[in-house]
Each structure stands twice: as structure tokens, then as C-alpha cells.
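What follows is one structure encoded as C-alpha cells, with my remarks underneath.
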Amino acid sequence: MKYWLIVPWTPAEEMMDIAVKADELGFEGLMGADHGFVPKSMAAKYPYSKDGQPPIDGSMPYPEVWTSIAAMAAVTKRLKFSTAVYVLPLRNPIEVAKATGTIARISNNRLVLGAGVGWMPEEFEAYGIDFKTRGKRMNECIEALQKIWAGGYVEYHGEFVDFEPLQIAPAPTEAIPIILGGASKPALRRAGKYANGWMGNGNDPEEMPHIFEQLNASRKEHGRANEPFEIILAMNDFPSREEMASYQAQGATAAFLGFPDHKLSLAGKLELMEQMAPMLVG
């Protein structure tokens with residue numbers, strides 16, 4: 001089992017020190033979080049809490065993902081980097097392809113695109129994008145990115161993403177893996193169709209059989225059942241050894257570790273990472 005360190009709400013100035021320590025200790029990778037901004041008031045529509053209240057406010061730092069990943073890649077050797085999750089339908093895939101292609105080259109292909117459709121209507125409104133179309137936009141963004149990343153002149157003509165032949169250089173020398181989030185039926189179907197993996201976001205044990213079943217069904221439907229596929233667990237309660245073995249038998253390949261309090265000092269975070277280290281080789 002591999003372990004990713006997830007570090008939402010981490011001050012930008014701490015991220016390089018954390019990445020260096022994670023690289024030394026043997027974490028598989030490090031994932032930050034993505035929001036362009038946090039609105040002062042939000043509708044209670046967060047899908048991963050029982051009352052719909054989001055666990056964020058404007059005081060929590062959200063370093064811009066591509067600049068922070070580039071900085072961390074420059075001071076590490078083997079650690080992978082991703083986002084949990086990047087709100088892809090908000091962005092122009094041409095700009096995303098440019099940034100990710102460059103980072104893939106800087107990092108020697110240690111970048112993974114962790115993406116989701118988003119959940120905050122206010123965010124889409126501020127960007128001038130219809131919240132209700134985010135699923136279709138997501139599909140088109142993924143298809144366009146995969147075309148651009150392959151290199152050479154490509155074109156794409158969809159309902160929301162539309163461009164004539166263009167080329168972006170540098171292109172990655174290897175395909176950038178995509179790991180998608182979301183536990184809804186459309187999200188799981190999308191992961192099976194397009195992605196190289198799926199990541200959780202606070203799941204209960206009773207959810208997991210359905211999630212494994214839906215992912216496997218979609219992969220089979222789209223002729224991808226025999227391709228490698230990552231499943232990164234993010235359980236509300238960390239699984240026991242027996243539960244972890246059961247999840248591995250069903251296809252789980254990794255799990256998240258993180259800090260219980262994002263306000264922990266940098267020294268406290270580094271110390272806690274040292275305490276996690278035995279799990280990384282156990």
C-alpha cells in the first residue's frame with residue numbers, strides 16, 4: 001500500500017519544507033487543494049458533510065497549485081505531486097495544458113492531475129460559468145487535455161471547449177496520469193472512462209462496495225478493465241489492518257495520510273510526519 005500526504009490549507013511558505021521531508025521519508029506523493037477564492041457566504045451544498053456545511057473559510061490558505069507544485073518539484077527528487085482536487089471545469093484546458101506540460105518536464109514526469117467537477121456554485125458564478133454544465137465541461141476538458149498532451153498540432157470541437165489546430169510546447173514526455181474524485185454515479189463512470197485512477201474524500205466503509213463495483217463496471221464498459229488503475233482511499237475513520245487488506249483485495253492501491261489540525265506549526269507537522277514514517281514501509 002502506498003501513502004500520499006494530503007496538505008490542504010497549508011501556508012505557501014511551508015510547502016517546500018514539507019515536500020522535502022515527504023521525499024526523504026518515502027511518501028508516494030503530496031497533494032494540495034484548489035480553490036481560486038473562498039466566498040464570504042456559501043450555500044450549504046458541500047457534498048462531503050452530513051449537514052452540507054463546507055469545512056472552509058476565507059482565512060484558510062489555498063496556494064495556487066501549479067506555482068506551488070513547481071516550487072516543490074524543484075527541491076525534491078522522487079516525490080509525486082497532485083491536487084485533491086483541481087476544479088477543472090472552471091479553467092480553460094489550453095492554459096491547464098500549458099502549465100501541466102511545463103511542470104511535467106520540470107519534475108521529470110512526477111505530476112498527476114487530480115481533478116473534480118467542483119461543488120461550490122458561488123465559485124462558478126464568479127468565473128462566469130454555468131454550474132449546471134460542469135459535468136459536460138469536465139469531460140470535454142479531459143478529452144482536450146489528453147489530445148494536447150500527446151504533442152503536435154491538435155484540434156477539438158465540443159459544446160464548451162472548441163479550438164482550431166494548435167500546438168503547445170513543451171508537451172510532457174509521458175502521458176500525465178489523471179485521478180478523479182467524486183462518489184456520485186456520473187463521477188465514478190467518468191473515472192472509469194477517462195482516468196488512470198480515483199480518489200476518495202471522506203468515505204464510510206458501507207460506501208466502498210458500491211464504489212468498487214461502479215468503477216469496475218465503467219472500466220469494463222469502456223474497454224479499460226485490464227489497464228492499471230489507482231484507487232486512493234480517504235476514509236472517515238482510518239481502516240484497520242483487516243479492512244485495509246480487504247480494500248487492497250478489491251483494488252485499492254494507496255491511501256491518504258494528513259494532519260489532524262491544519263493550524264499545526266511547521267515543526268509540529270514535520271514531527272508528525274516522522275511519526276507516520278513506519279507506516280510507509282510497513
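All residue names refer to the C-alpha cells as shown: chains lettered A, B, ... in order, residues numbered from 1 in each chain, ligands numbered from 1 in order.
Residues in contact with A:Ala267 at up to 12 Å, not including ones fewer than 4 positions away on its chain and judged by only C-alpha atoms, are A:Glu14, A:Asp17, A:Ile18, A:Lys21, A:Lys263, A:Glu271, A:Leu272, A:Met273, A:Glu274.
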Run DSSP on the backbone and tell me which residues of stretch 8-124 of chain A come out as strand (DSSP E or B); list them as a PDB file with C-alpha atoms, in the first residue's frame.
ATOM      1  CA  GLY A  29       3.309  11.849  -3.248  1.00  0.00           C
ATOM      2  CA  LEU A  30       1.900  15.074  -1.887  1.00  0.00           C
ATOM      3  CA  MET A  31      -1.475  16.618  -2.657  1.00  0.00           C
ATOM      4  CA  GLY A  32      -2.570  20.172  -2.033  1.00  0.00           C
ATOM      5  CA  LYS A  80       4.930  12.840  -6.948  1.00  0.00           C
ATOM      6  CA  PHE A  81       2.599  15.832  -6.861  1.00  0.00           C
ATOM      7  CA  SER A  82      -1.117  16.164  -7.429  1.00  0.00           C
ATOM      8  CA  THR A  83      -4.208  18.108  -6.429  1.00  0.00           C
ATOM      9  CA  TYR A  86      -8.356  20.712  -9.046  1.00  0.00           C
ATOM     10  CA  VAL A  87     -11.688  22.188 -10.171  1.00  0.00           C
ATOM     11  CA  LEU A 111       2.935  15.291 -11.930  1.00  0.00           C
ATOM     12  CA  LEU A 113      -3.661  15.684 -12.342  1.00  0.00           C
ATOM     13  CA  GLY A 114      -6.165  15.109  -9.547  1.00  0.00           C
ATOM     14  CA  ALA A 115      -9.417  16.704 -10.659  1.00  0.00           C
ATOM     15  CA  GLY A 116     -13.102  17.026  -9.834  1.00  0.00           C
TER      16      GLY A 116
END
Using 12 Å as the limit and counting only C-alpha atoms, can you tabulate each residue of stretch 84-161 of chain A that touches stretch 48-62 of chain A, with its shortest atom-to-atom distance in Å and the two atoms involved, as CSV?
residue,atom,partner,partner_atom,distance
A:Ala84,CA,A:Tyr62,CA,11.6
A:Val85,CA,A:Tyr62,CA,11.7
A:Tyr86,CA,A:Tyr62,CA,11.4
A:Gly118,CA,A:Tyr48,CA,11.8
A:Trp119,CA,A:Pro54,CA,9.7
A:Met120,CA,A:Pro54,CA,9.2
Produce a file of the selected residues containing C-alpha atoms, as a CSV table (one decimal), in the first residue's frame.
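So out-v1.csv came out as:
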chain,number,residue,atom,x,y,z
A,84,ALA,CA,-7.1,17.0,-4.3
A,85,VAL,CA,-8.9,18.2,-6.3
A,86,TYR,CA,-8.4,20.7,-9.0
A,118,GLY,CA,-16.4,21.2,-8.1
A,119,TRP,CA,-19.3,21.7,-5.6
A,120,MET,CA,-19.4,25.5,-4.9
Hey, what's within 10 Å of A:Ala183 if we count only C-alpha atoms and toss same-chain stuff fewer than 2 positions away? As a PyMOL selection string, please?
-> chain A and resi 47-48+180-181+185-189+191+198-201+203+207-208+210-211+214-215
So which residues touch A:Asn216 within 7 Å, counting only C-alpha atoms, skipping near sequence neighbours fewer than 4 positions away, as an MDAnalysis selection string?
-> chainID A and resid 212 220 225
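For A:Gln167, the set of protein, DNA and RNA residues having any atom at most 10 Å away, when counting only C-alpha atoms and skipping those fewer than 4 positions along the same chain, is Ile94, Lys98, Lys147, Ile148, Trp149, Ala150, Gly151, Gly152, Tyr153, Val154, Glu155 and Ala171 of chain A.
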How would the residues just chosen look if you wrote them out with N, CA and C atoms as a PDB file, in the first residue's frame?
ATOM      1  N   ILE A  94      -6.632  24.829 -22.370  1.00  0.00           N
ATOM      2  CA  ILE A  94      -5.397  25.231 -23.046  1.00  0.00           C
ATOM      3  C   ILE A  94      -4.397  25.756 -22.016  1.00  0.00           C
ATOM      4  N   LYS A  98      -0.808  23.990 -20.805  1.00  0.00           N
ATOM      5  CA  LYS A  98       0.469  24.708 -20.826  1.00  0.00           C
ATOM      6  C   LYS A  98       1.190  24.560 -19.489  1.00  0.00           C
ATOM      7  N   LYS A 147      -5.567  15.221 -25.681  1.00  0.00           N
ATOM      8  CA  LYS A 147      -5.119  15.488 -27.056  1.00  0.00           C
ATOM      9  C   LYS A 147      -3.895  16.399 -27.065  1.00  0.00           C
ATOM     10  N   ILE A 148      -3.949  17.494 -26.317  1.00  0.00           N
ATOM     11  CA  ILE A 148      -2.858  18.464 -26.318  1.00  0.00           C
ATOM     12  C   ILE A 148      -1.581  17.847 -25.754  1.00  0.00           C
ATOM     13  N   TRP A 149      -1.710  17.098 -24.657  1.00  0.00           N
ATOM     14  CA  TRP A 149      -0.542  16.478 -24.029  1.00  0.00           C
ATOM     15  C   TRP A 149       0.192  15.530 -24.968  1.00  0.00           C
ATOM     16  N   ALA A 150      -0.511  14.951 -25.936  1.00  0.00           N
ATOM     17  CA  ALA A 150       0.120  13.993 -26.852  1.00  0.00           C
ATOM     18  C   ALA A 150       1.135  14.665 -27.772  1.00  0.00           C
ATOM     19  N   GLY A 151       1.064  15.998 -27.887  1.00  0.00           N
ATOM     20  CA  GLY A 151       2.020  16.737 -28.693  1.00  0.00           C
ATOM     21  C   GLY A 151       1.558  16.915 -30.131  1.00  0.00           C
ATOM     22  N   GLY A 152       2.208  17.810 -30.832  1.00  0.00           N
ATOM     23  CA  GLY A 152       1.847  18.105 -32.210  1.00  0.00           C
ATOM     24  C   GLY A 152       0.618  18.991 -32.293  1.00  0.00           C
ATOM     25  N   TYR A 153       0.188  19.250 -33.512  1.00  0.00           N
ATOM     26  CA  TYR A 153      -0.992  20.094 -33.734  1.00  0.00           C
ATOM     27  C   TYR A 153      -2.257  19.258 -33.539  1.00  0.00           C
ATOM     28  N   VAL A 154      -3.168  19.770 -32.717  1.00  0.00           N
ATOM     29  CA  VAL A 154      -4.428  19.075 -32.453  1.00  0.00           C
ATOM     30  C   VAL A 154      -5.562  20.098 -32.469  1.00  0.00           C
ATOM     31  N   GLU A 155      -6.754  19.608 -32.692  1.00  0.00           N
ATOM     32  CA  GLU A 155      -7.940  20.462 -32.598  1.00  0.00           C
ATOM     33  C   GLU A 155      -9.012  19.728 -31.815  1.00  0.00           C
ATOM     34  N   ALA A 171       5.396  19.714 -24.492  1.00  0.00           N
ATOM     35  CA  ALA A 171       4.448  18.669 -24.139  1.00  0.00           C
ATOM     36  C   ALA A 171       5.158  17.687 -23.211  1.00  0.00           C
TER      37      ALA A 171
END
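Close contacts of stretch 234-246 of chain A, defined as residues with an atom at most 10 Å away when counting only C-alpha atoms, with chain neighbours fewer than 2 positions off set aside, comprise Met1, Ile6, Met199, Gly200, Asn201, Gly202, Asn203, Asp204, Pro205, Glu207, Met208, Ile231, Ile232, Gln248, Ala249, Gln250, Gly251, Ala252, Thr253, Ala254, Ala255, Phe256 and Leu257 of chain A.
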Which is closer to A:Tyr46 than all the others in A:Val65, A:Val161, A:Glu122, A:Ala22, using only C-alpha atoms?
-> A:Glu122
Using DSSP on the backbone, list every residue of stretch 45-202 of chain A that comes out as alpha helix (DSSP H), and give them as an NGL selection string.
-> :A and (65-74 or 93-106 or 121-127 or 134-149 or 185-194)
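Between A:Lys77 and the residues A:Met42, A:Ala175, A:Ala19, A:Ala126, the shortest atom-to-atom distance, using only C-alpha atoms, involves A:Ala19.
Considering only C-alpha atoms, the residue among A:Ile69, A:Leu90, A:Ala44, A:Ile178 positioned nearest to A:Asn196 is A:Ile178.
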What lies within 7 Å of A:Ala144 using only C-alpha atoms, ignoring chain neighbours under 4 positions off, as a PyMOL selection string?
-> chain A and resi 93+140+148+156
Could those residues be written to a file, using all heavy atoms, as an mmCIF file, in the first residue's frame?
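Output contents, as saved in again.cif:
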data_model
loop_
_atom_site.group_PDB
_atom_site.id
_atom_site.type_symbol
_atom_site.label_atom_id
_atom_site.label_comp_id
_atom_site.auth_asym_id
_atom_site.auth_seq_id
_atom_site.Cartn_x
_atom_site.Cartn_y
_atom_site.Cartn_z
ATOM 1 N N PRO A 93 -8.831 24.586 -20.691
ATOM 2 C CA PRO A 93 -7.893 23.461 -20.791
ATOM 3 C C PRO A 93 -6.606 23.802 -21.527
ATOM 4 O O PRO A 93 -5.592 23.129 -21.328
ATOM 5 C CB PRO A 93 -8.700 22.394 -21.525
ATOM 6 C CG PRO A 93 -9.782 23.135 -22.233
ATOM 7 C CD PRO A 93 -10.110 24.302 -21.351
ATOM 8 N N GLU A 140 -15.203 17.307 -21.554
ATOM 9 C CA GLU A 140 -14.543 17.934 -22.703
ATOM 10 C C GLU A 140 -13.148 18.428 -22.339
ATOM 11 O O GLU A 140 -12.212 18.319 -23.154
ATOM 12 C CB GLU A 140 -15.405 19.075 -23.245
ATOM 13 C CG GLU A 140 -16.702 18.590 -23.882
ATOM 14 C CD GLU A 140 -17.470 19.695 -24.586
ATOM 15 O OE1 GLU A 140 -16.905 20.802 -24.778
ATOM 16 O OE2 GLU A 140 -18.635 19.463 -24.956
ATOM 17 N N ILE A 148 -3.949 17.494 -26.317
ATOM 18 C CA ILE A 148 -2.858 18.464 -26.318
ATOM 19 C C ILE A 148 -1.581 17.847 -25.754
ATOM 20 O O ILE A 148 -0.477 18.050 -26.289
ATOM 21 C CB ILE A 148 -3.250 19.721 -25.528
ATOM 22 C CG1 ILE A 148 -4.428 20.445 -26.199
ATOM 23 C CG2 ILE A 148 -2.064 20.671 -25.402
ATOM 24 C CD1 ILE A 148 -5.011 21.572 -25.385
ATOM 25 N N TYR A 156 -9.951 20.507 -31.282
ATOM 26 C CA TYR A 156 -11.037 19.915 -30.507
ATOM 27 C C TYR A 156 -12.289 20.759 -30.726
ATOM 28 O O TYR A 156 -12.241 21.993 -30.677
ATOM 29 C CB TYR A 156 -10.696 19.878 -29.015
ATOM 30 C CG TYR A 156 -11.734 19.137 -28.207
ATOM 31 C CD1 TYR A 156 -11.625 17.765 -27.998
ATOM 32 C CD2 TYR A 156 -12.843 19.795 -27.679
ATOM 33 C CE1 TYR A 156 -12.584 17.066 -27.278
ATOM 34 C CE2 TYR A 156 -13.803 19.109 -26.967
ATOM 35 C CZ TYR A 156 -13.678 17.744 -26.759
ATOM 36 O OH TYR A 156 -14.633 17.056 -26.057
#
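Atom CA of A:Gly197 is found 8.3 Å from atom CA of A:Pro228.
Going from atom CA of A:Asn92 over to atom CA of A:Phe160, you cover 9.9 Å.
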A:Gly135 proximity check over A:Pro39, A:Glu221, A:Glu123, A:Pro89, using only C-alpha atoms: winner is A:Pro89
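Across the model, the gap from atom CA of A:His262 to atom CA of A:Pro63 is 13.7 Å.
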